[in-house]
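Below is upload.txt, holding compact mmCIF, C-alpha atoms.
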```txt
# COMPACT_ATOMS: atom_id res chain seq x y z
CA ASN A 1 110.84 3.33 -4.58
CA ASN A 2 112.16 5.69 -7.18
CA GLU A 3 112.56 3.81 -10.42
CA THR A 4 113.93 5.53 -13.43
CA ARG A 5 111.40 4.89 -16.18
CA ALA A 6 112.29 5.10 -19.83
CA PRO A 7 110.12 7.61 -21.67
CA HIS A 8 107.08 6.04 -23.29
CA VAL A 9 107.65 6.27 -27.01
CA VAL A 10 104.68 5.78 -29.29
CA ARG A 11 105.96 4.19 -32.44
CA ALA A 12 104.15 4.88 -35.65
CA VAL A 13 102.72 1.70 -37.04
CA PRO A 14 102.52 1.82 -40.81
CA SER A 15 98.97 1.54 -41.98
CA PRO A 16 98.38 -1.58 -44.05
CA LEU A 17 96.12 0.53 -46.28
CA ALA A 18 98.77 3.09 -47.17
CA PRO A 19 100.60 1.06 -49.85
CA SER A 20 97.35 -0.04 -51.48
CA ALA A 21 95.99 3.51 -51.41
CA GLN A 22 99.20 4.78 -52.99
CA ALA A 23 99.02 2.08 -55.64
CA ALA A 24 95.37 2.93 -56.36
CA GLU A 25 96.31 6.59 -56.79
CA MET A 26 99.08 5.68 -59.23
CA VAL A 27 96.71 3.48 -61.22
CA THR A 28 94.11 6.28 -61.30
CA ARG A 29 96.69 8.80 -62.52
CA ALA A 30 97.96 6.43 -65.19
CA TYR A 31 94.41 5.69 -66.34
CA LEU A 32 93.44 9.38 -66.53
CA LEU A 33 96.66 10.17 -68.39
CA CYS A 34 95.91 7.47 -70.98
CA TYR A 35 92.28 8.59 -71.26
CA ASN A 36 93.15 12.25 -71.78
CA LEU A 37 95.92 11.45 -74.26
CA GLY A 38 93.54 9.20 -76.18
CA GLN A 39 90.89 11.91 -76.31
CA ALA A 40 93.48 14.51 -77.33
CA MET A 41 94.60 12.32 -80.25
CA GLY A 42 91.03 11.53 -81.26
CA TRP A 43 89.95 15.17 -81.32
CA SER A 44 93.16 16.13 -83.12
CA ALA A 45 92.20 13.65 -85.84
CA ALA A 46 88.68 15.15 -85.89
CA LEU A 47 90.07 18.68 -86.24
CA ALA A 48 92.48 17.61 -88.99
CA ALA A 49 89.65 15.90 -90.90
CA THR A 50 87.43 18.97 -90.46
CA LEU A 51 90.08 21.40 -91.70
CA ARG A 52 91.01 19.13 -94.61
CA SER A 53 87.35 18.89 -95.61
CA VAL A 54 86.89 22.66 -95.57
CA VAL A 55 90.09 23.26 -97.56
CA ASN A 56 89.33 20.55 -100.13
CA ASN A 57 85.83 21.94 -100.66
CA ALA A 58 86.87 25.56 -101.19
CA GLY A 59 85.73 26.74 -97.78
CA SER A 60 82.45 24.82 -97.75
CA PHE A 61 81.32 22.95 -94.63
CA ALA A 62 79.05 20.63 -96.64
CA SER A 63 81.29 17.55 -96.33
CA VAL A 64 82.59 18.07 -92.81
CA TYR A 65 80.15 15.62 -91.22
CA ALA A 66 80.93 12.93 -93.79
CA ASP A 67 84.68 13.43 -93.42
CA ALA A 68 85.02 13.93 -89.66
CA GLY A 69 81.80 12.41 -88.32
CA TRP A 70 83.26 9.05 -87.27
CA TYR A 71 85.92 10.67 -85.08
CA VAL A 72 83.49 13.10 -83.47
CA ARG A 73 80.85 10.44 -82.78
CA ALA A 74 83.35 7.96 -81.34
CA PHE A 75 85.16 10.33 -79.01
CA GLN A 76 82.12 12.33 -77.97
CA VAL A 77 80.17 9.21 -77.00
CA ALA A 78 83.25 7.83 -75.22
CA SER A 79 83.43 10.98 -73.11
CA VAL A 80 80.55 9.59 -71.02
CA LEU A 81 83.44 8.20 -68.98
CA GLU A 82 83.98 11.73 -67.67
CA VAL A 83 80.60 11.58 -65.96
CA LEU A 84 81.74 8.37 -64.25
CA HIS A 85 85.10 9.96 -63.38
CA ALA A 86 83.24 12.75 -61.58
CA ALA A 87 80.76 10.36 -59.95
CA PHE A 88 83.54 8.16 -58.55
CA ARG A 89 85.61 11.22 -57.59
CA LEU A 90 88.49 10.41 -59.88
CA THR A 91 88.30 14.07 -60.92
CA LYS A 92 87.08 17.22 -59.18
CA SER A 93 84.49 18.10 -61.83
CA PRO A 94 80.88 18.39 -60.59
CA VAL A 95 78.79 15.45 -61.77
CA SER A 96 75.96 17.79 -62.82
CA ALA A 97 78.21 19.86 -65.13
CA ALA A 98 79.83 16.79 -66.69
CA LEU A 99 76.46 15.09 -67.21
CA MET A 100 74.75 18.17 -68.63
CA GLN A 101 77.53 18.77 -71.15
CA TRP A 102 77.67 15.13 -72.25
CA VAL A 103 73.89 14.71 -72.58
CA GLY A 104 73.48 18.03 -74.41
CA ARG A 105 76.22 17.33 -76.93
CA THR A 106 75.41 13.68 -77.48
CA HIS A 107 71.71 14.37 -77.96
CA VAL A 108 72.37 16.92 -80.71
CA LEU A 109 75.03 14.73 -82.31
CA MET A 110 73.36 11.32 -82.27
CA ALA A 111 69.61 11.82 -81.80
CA VAL A 112 69.34 14.84 -84.09
CA THR A 113 72.21 15.32 -86.57
CA HIS A 114 73.16 11.70 -87.14
CA ALA A 115 69.52 10.64 -87.33
CA ILE A 116 68.51 13.32 -89.87
CA PRO A 117 70.81 13.06 -92.93
CA GLU A 118 69.72 16.37 -94.46
CA LEU A 119 71.22 18.21 -91.46
CA GLN A 120 74.65 16.69 -91.98
CA SER A 121 75.60 18.88 -94.95
CA THR A 122 74.49 22.15 -93.34
CA PRO A 123 76.92 24.87 -92.25
CA ALA A 124 75.69 24.44 -88.66
CA ALA A 125 76.99 20.86 -88.54
CA GLY A 126 80.40 21.88 -89.89
CA VAL A 127 80.72 24.88 -87.59
CA LEU A 128 79.70 22.73 -84.63
CA PHE A 129 82.42 20.18 -85.38
CA MET A 130 84.98 22.94 -85.76
CA ALA A 131 84.02 24.56 -82.42
CA TRP A 132 84.02 21.25 -80.55
CA ALA A 133 87.31 20.06 -82.01
CA LEU A 134 89.13 23.35 -81.36
CA THR A 135 87.92 23.27 -77.76
CA GLU A 136 88.92 19.66 -77.12
CA VAL A 137 92.40 19.70 -78.71
CA ILE A 138 93.25 22.29 -76.05
CA ARG A 139 91.23 20.94 -73.11
CA TYR A 140 92.50 17.36 -73.07
CA PRO A 141 96.23 18.17 -73.27
CA THR A 142 95.84 20.50 -70.26
CA TYR A 143 94.26 17.62 -68.34
CA ALA A 144 96.96 15.20 -69.45
CA LEU A 145 99.80 17.54 -68.49
CA SER A 146 98.09 18.54 -65.23
CA LEU A 147 100.58 20.34 -62.95
CA SER A 148 103.22 20.28 -65.70
CA CYS A 149 100.97 22.16 -68.10
CA PRO A 150 102.60 25.32 -69.53
CA ARG A 151 101.03 28.59 -68.39
CA TRP A 152 100.20 29.62 -71.96
CA LEU A 153 98.26 26.41 -72.56
CA ASN A 154 96.31 26.82 -69.32
CA TRP A 155 95.53 30.40 -70.26
CA LEU A 156 94.37 29.27 -73.71
CA ARG A 157 92.23 26.50 -72.18
CA TYR A 158 90.38 28.97 -69.98
CA THR A 159 90.08 31.68 -72.63
CA ILE A 160 89.23 30.01 -75.92
CA PHE A 161 85.91 28.77 -74.57
CA ILE A 162 84.69 32.38 -74.43
CA PRO A 163 84.00 32.56 -78.19
CA LEU A 164 83.76 28.82 -78.92
CA TYR A 165 81.09 27.83 -76.37
CA PRO A 166 78.48 30.32 -77.70
CA ILE A 167 79.31 29.30 -81.29
CA GLY A 168 78.81 25.66 -80.36
CA ALA A 169 75.58 26.32 -78.48
CA LEU A 170 74.10 28.36 -81.34
CA SER A 171 75.03 25.63 -83.80
CA GLU A 172 73.37 23.00 -81.59
CA MET A 173 70.20 25.10 -81.40
CA LYS A 174 70.20 25.66 -85.17
CA LEU A 175 70.46 21.93 -85.85
CA MET A 176 67.60 21.14 -83.48
CA TYR A 177 65.43 23.91 -84.92
CA ASP A 178 66.10 22.85 -88.51
CA GLY A 179 65.33 19.24 -87.61
CA ILE A 180 61.86 19.95 -86.22
CA PRO A 181 59.97 19.51 -89.54
CA THR A 182 61.51 16.05 -90.03
CA MET A 183 60.90 15.13 -86.41
CA ARG A 184 57.26 16.12 -86.74
CA ALA A 185 56.71 14.40 -90.11
CA ASN A 186 58.31 11.12 -88.99
CA GLN A 187 57.12 11.29 -85.37
CA MET A 188 60.70 10.58 -84.32
CA TYR A 189 61.13 8.94 -80.90
CA SER A 190 57.48 9.70 -80.13
CA ILE A 191 55.16 7.39 -78.21
CA THR A 192 51.54 7.70 -79.28
CA LEU A 193 48.41 6.90 -77.32
CA PRO A 194 46.70 4.62 -76.71
CA ASN A 195 49.23 2.02 -75.60
CA ALA A 196 49.59 -0.59 -72.88
CA LEU A 197 51.50 1.77 -70.60
CA ASN A 198 49.05 4.63 -71.12
CA PHE A 199 52.02 6.94 -71.63
CA GLY A 200 52.57 9.42 -74.44
CA PHE A 201 55.65 11.34 -75.49
CA ASP A 202 56.01 13.82 -78.33
CA TYR A 203 59.66 14.31 -79.20
CA THR A 204 58.99 17.40 -81.32
CA THR A 205 57.36 19.11 -78.34
CA PHE A 206 60.29 18.03 -76.17
CA VAL A 207 62.82 19.58 -78.58
CA THR A 208 60.76 22.77 -78.82
CA MET A 209 60.72 23.07 -75.03
CA LEU A 210 64.44 22.25 -74.94
CA LEU A 211 65.14 25.09 -77.36
CA VAL A 212 63.34 27.46 -75.00
CA ALA A 213 65.36 26.19 -72.04
CA TYR A 214 68.68 25.94 -73.91
CA PRO A 215 69.84 29.54 -73.36
CA PHE A 216 69.32 29.14 -69.60
CA LEU A 217 71.10 25.76 -69.51
CA PHE A 218 73.93 27.20 -71.57
CA TYR A 219 74.22 30.20 -69.25
CA SER A 220 74.67 27.98 -66.18
CA LEU A 221 77.50 26.06 -67.87
CA TYR A 222 79.05 29.23 -69.31
CA ALA A 223 78.95 30.96 -65.91
CA TYR A 224 80.55 27.90 -64.29
CA MET A 225 83.38 28.10 -66.83
CA PHE A 226 84.01 31.77 -65.99
CA ILE A 227 84.24 30.85 -62.30
CA GLN A 228 86.73 28.14 -63.19
CA ARG A 229 88.65 30.59 -65.36
CA LYS A 230 89.02 33.04 -62.50
CA LYS A 231 90.28 30.31 -60.15
CA LYS A 232 92.69 28.75 -62.61
CA LEU A 233 94.21 32.00 -63.88
CA ALA A 234 94.65 33.22 -60.30
CA LEU A 235 96.44 29.95 -59.49
CA ILE A 236 98.67 30.35 -62.55
CA GLN A 237 99.56 33.89 -61.46
CA THR A 238 100.38 32.68 -57.94
CA ARG A 239 102.72 30.00 -59.27
CA LYS A 240 104.36 32.56 -61.55
CA GLU A 241 105.04 34.85 -58.59
CA ASP A 242 106.44 31.95 -56.55
```
Turn the structure described in the file into structure tokens.
Amino acid sequence: NNETRAPHVVRAVPSPLAPSAQAAEMVTRAYLLCYNLGQAMGWSAALAATLRSVVNNAGSFASVYADAGWYVRAFQVASVLEVLHAAFRLTKSPVSAALMQWVGRTHVLMAVTHAIPELQSTPAAGVLFMAWALTEVIRYPTYALSLSCPRWLNWLRYTIFIPLYPIGALSEMKLMYDGIPTMRANQMYSITLPNALNFGFDYTTFVTMLLVAYPFLFYSLYAYMFIQRKKKLALIQTRKED
């Protein structure tokens, strides 16, 4: 009984998850685009306010915090979202690197500089704002443009950090060091014994220990950025050759 059988064709059944996954990806891209554009505009305003302050005060950084502080505080604190982006894998950034950068910056900005008014008119505060703003007005546009980012902007993104990151780190350390006398005199954020929890915390000691550890923490982030630079510039060169 020789029957001629039609070939068994396996038909691809569209996955019901595919459209929703595609829609989720589009929403994620749109959200990240809006976030990065918002941060780019915010840091551009911070840089403009910083430069205007320096020019209007004959090169002095004394009024930079007063003139640009609102922008820097708002957009730096808001950047905690980048830790969540990494945690939920909306971006490829390591959670540890994103968290370490956000905590380090925000601590110096809010817990130290904003909390100790006499630090706000120091050159360290002005230089810190300048270094941060110059870094971010380049970083966020590269994220927003993504694959459409011009090669020169990508190169600048992964080159300008070389001088600006150390300048920023030294400024952060200077602000913490200069704030120690006030921290000690006012017992800032300290928990004294005895208390119901039987727990003590001396913030001045914490900051002193942090200053000792800061160069090592900075080195790990700085080294990570050089690894990223090598990868990104190699990718740019490959695209150029193609």
Problem - Point-to-point distance from CA of Ala66 in chain A to CA of Ser53 in chain A, Å rounded to tenths - result: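 Separation of CA of Ala66 in chain A and CA of Ser53 in chain A: 8.9 Å.
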Handout entry: Neighbour list for range 154-164 of chain A as a list in words, cut-off 6 Å, only C-alpha atoms, skip fewer than 5 positions in-chain
Key = Ala131, Ile138, Arg139 and Arg229 of chain A
Handout entry: Nearby residues, (78.9, 23.0, -85.6) file frame, 10 Å, all atoms listed in the file, as a list in words
Key =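 Here the neighbourhood of the point contains Phe61, Val64, Tyr65, Leu109, Gln120, Thr122, Pro123, Ala124, Ala125, Gly126, Val127, Leu128, Phe129, Met130, Ala131, Trp132, Ala133, Ile167, Gly168, Ala169, Leu170, Ser171, Glu172, Met173, Lys174 and Leu175 of chain A.
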Problem - Which residue of A:Pro150, A:Pro141, A:Gly104, A:Pro117 approaches Leu211 in chain A most closely, using all atoms listed in the file - result: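 Residue with the minimum atom-to-atom distance to Leu211 in chain A: A:Gly104.
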Practice task
Give me the residues within 12 Å of Thr28 in chain A as a list in words, counting only C-alpha atoms and dropping any in the same chain fewer than 3 places off.
Solution key: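 Near Thr28 in chain A, the qualifying residues are Ala21, Gln22, Ala23, Ala24, Glu25, Tyr31, Leu32, Leu33, Cys34, Tyr35, His85, Phe88, Arg89, Leu90 and Thr91 of chain A.
The nearest approach to Met41 in chain A among the residues A:Leu84, A:Ala68, A:Val137, A:Met225, with all atoms listed in the file taken into account, belongs to A:Val137.
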Problem - Point-to-point distance from CA of Gln228 in chain A to CA of Gln101 in chain A, Å rounded to tenths - result: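 Here the two named atoms are 15.4 Å from each other.
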Handout entry: Counting all atoms listed in the file, the option among A:Trp152, A:Tyr140, A:Phe75, A:Trp70 closest to Leu37 in chain A
Key = A:Tyr140
